[in-house]
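Q: Take a look at the following structure, please.
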Amino acid sequence: MEKITIYKDQLSRMRSMNRYYHDQFLLDVRVLFVLNTIFIFLSLSNKNALFLVPLISLFGSVILSFHAYFLIFSRNYTEFIEQKINNEYDEKILIAHELENDYFFPTKQKKMVVAVLNKNFTWFSFVTLFITIYGFSSYLWSIYMIIDSQLSFVYLYFVIGITVITIVVGYWWFISGTGEKRLERIFNNYG
């Protein structure tokens with residue numbers, strides 16, 4: 001099999017992965033928004049409904065980050081493959097990775113999951129932060145209301161414990177760049 005054919009097959013596979021995780025992300029955002037809204041509404045007449053809001057928000061942040069995890073992987077890999085194909089032809093015939101780096105989020109810059117907080121800030125970054133802040137706000141509001149009603153401190157310790165673990169692991173993987181450094185190491189071996 002010709003090298004260029006293998007590259008094209010891999011590129012097609014990564015573009016499919018990218019689309020799948022974008023679609024899954026958007027579906028999950030909608031489902032999580034509806035669930036959060038329903039339980040916040042139910043809490044107006046039954047405070048116990050608030051016990052589910054932090055779990056929905058926390059689970060939502062983890063699952064949406066999981067989708068972003070695959071998005072970051074596929075974006076990095078498609079960039080690698082497109083550069084390989086361009087090198088095979090000795091010209092820039094594939095530029096999607098350059099467009100995506102400028103329009104969505106740059107793969108080689110420090111970011112909060114997929115949101116850059118510098119001059120390369122984009123609508124993609126804004127939407128990512130908006131969804132994050134919405135989920136975090138409903139999480140904090142429900143925790144505040146649960147504390148105010150003194151329903152269960154055991155539950156609060158449990159949720160806050162899971163939250164701390166999630167933040168620490170998320171920081172380690174995304175913000176410190178551990179995940180992308182692993183990709184770079186492999187790409188450098190085959191670059």
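A note on labels: chains of the structure tokens are A, B, ... as shown, every chain counts residues from 1, and ligands are counted from 1 in their shown order.
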Taking only C-alpha atoms into account, produce a table as a tab-separated table in which each residue of segment 11-98 of chain A with an atom at most 12 Å from an atom of segment 146-155 of chain A appears once, together with its shortest atom pair and the distance in Å to one decimal, ordered by chain and rising number.

A:
```
residue	atom	partner	partner_atom	distance
A:Ser43	CA	A:Ile146	CA	10.5
A:Asn46	CA	A:Ser149	CA	11.5
A:Lys47	CA	A:Ile146	CA	7.8
A:Asn48	CA	A:Leu151	CA	8.2
A:Ala49	CA	A:Ile146	CA	9.9
A:Leu50	CA	A:Ile146	CA	6.9
A:Phe51	CA	A:Ile146	CA	7.4
A:Leu52	CA	A:Tyr155	CA	10.7
A:Val53	CA	A:Ile146	CA	10.4
A:Pro54	CA	A:Ile146	CA	10.1
A:Leu55	CA	A:Tyr155	CA	10.5
```

Q: Go ahead and write the selection's residues with N, CA and C atoms as a PDB file, in the first residue's frame.

A:
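What follows is the written file selection_26.pdb:
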```pdb
ATOM      1  N   SER A  43     -36.685  21.750  42.309  1.00  0.00           N
ATOM      2  CA  SER A  43     -36.237  22.146  43.655  1.00  0.00           C
ATOM      3  C   SER A  43     -37.047  23.309  44.225  1.00  0.00           C
ATOM      4  N   ASN A  46     -39.460  21.112  45.944  1.00  0.00           N
ATOM      5  CA  ASN A  46     -38.887  20.022  46.738  1.00  0.00           C
ATOM      6  C   ASN A  46     -37.361  20.188  46.774  1.00  0.00           C
ATOM      7  N   LYS A  47     -36.858  20.670  47.888  1.00  0.00           N
ATOM      8  CA  LYS A  47     -35.416  20.945  48.026  1.00  0.00           C
ATOM      9  C   LYS A  47     -34.545  19.721  47.770  1.00  0.00           C
ATOM     10  N   ASN A  48     -35.093  18.530  47.950  1.00  0.00           N
ATOM     11  CA  ASN A  48     -34.315  17.309  47.719  1.00  0.00           C
ATOM     12  C   ASN A  48     -33.864  17.164  46.268  1.00  0.00           C
ATOM     13  N   ALA A  49     -34.566  17.797  45.345  1.00  0.00           N
ATOM     14  CA  ALA A  49     -34.168  17.749  43.929  1.00  0.00           C
ATOM     15  C   ALA A  49     -32.788  18.369  43.730  1.00  0.00           C
ATOM     16  N   LEU A  50     -32.405  19.257  44.635  1.00  0.00           N
ATOM     17  CA  LEU A  50     -31.089  19.910  44.528  1.00  0.00           C
ATOM     18  C   LEU A  50     -29.934  18.936  44.686  1.00  0.00           C
ATOM     19  N   PHE A  51     -30.173  17.815  45.324  1.00  0.00           N
ATOM     20  CA  PHE A  51     -29.102  16.845  45.519  1.00  0.00           C
ATOM     21  C   PHE A  51     -28.578  16.295  44.192  1.00  0.00           C
ATOM     22  N   LEU A  52     -29.392  16.328  43.161  1.00  0.00           N
ATOM     23  CA  LEU A  52     -28.950  15.805  41.868  1.00  0.00           C
ATOM     24  C   LEU A  52     -28.202  16.835  41.020  1.00  0.00           C
ATOM     25  N   VAL A  53     -28.428  18.106  41.251  1.00  0.00           N
ATOM     26  CA  VAL A  53     -27.805  19.146  40.420  1.00  0.00           C
ATOM     27  C   VAL A  53     -26.275  19.106  40.477  1.00  0.00           C
ATOM     28  N   PRO A  54     -25.641  19.019  41.654  1.00  0.00           N
ATOM     29  CA  PRO A  54     -24.173  18.947  41.652  1.00  0.00           C
ATOM     30  C   PRO A  54     -23.638  17.706  40.935  1.00  0.00           C
ATOM     31  N   LEU A  55     -24.352  16.594  41.099  1.00  0.00           N
ATOM     32  CA  LEU A  55     -23.911  15.369  40.419  1.00  0.00           C
ATOM     33  C   LEU A  55     -24.053  15.490  38.906  1.00  0.00           C
TER      34      LEU A  55
END
```

Q: Give me the residues near segment 121-135 of chain A as a list in words, where near means some atom within 9 Å (using only C-alpha atoms) and where sequence neighbours in that chain fewer than 5 positions away do not count.

A: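 Neighbouring residues, sequence-local ones excluded: Val29, Leu32, Phe33, Asn36, Pro54, Ile56, Ser57, Leu58, Gly60, Ser61, Asp102, Tyr103, Phe104, Phe105, Met112, Val113, Val114, Ala115, Val116 and Leu140 of chain A.
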
Q: Suppose you want the space between atom CA of Phe187 of chain A and atom CA of Lys111 of chain A; what is it in Å?

A: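 Between these atoms lies a distance of 19.9 Å.
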
Q: For segment 10-23 of chain A, find every residue with an atom within 6 Å (counting only C-alpha atoms), except residues of its own chain fewer than 6 positions away, and show them as a ChimeraX atom specification.

A: /A:67,71,74,78

Q: Expressed in Å to a single decimal, how great is the separation between atom CA of Glu98 of chain A and atom CA of Asn86 of chain A?

A: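 About the pair atom CA of Glu98 of chain A and atom CA of Asn86 of chain A: they are 12.3 Å apart.
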
Q: What does the distance from atom CA of Ala68 of chain A to atom CA of Tyr157 of chain A come to in Å, to one decimal?

A: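 So the answer is 28.0 Å.
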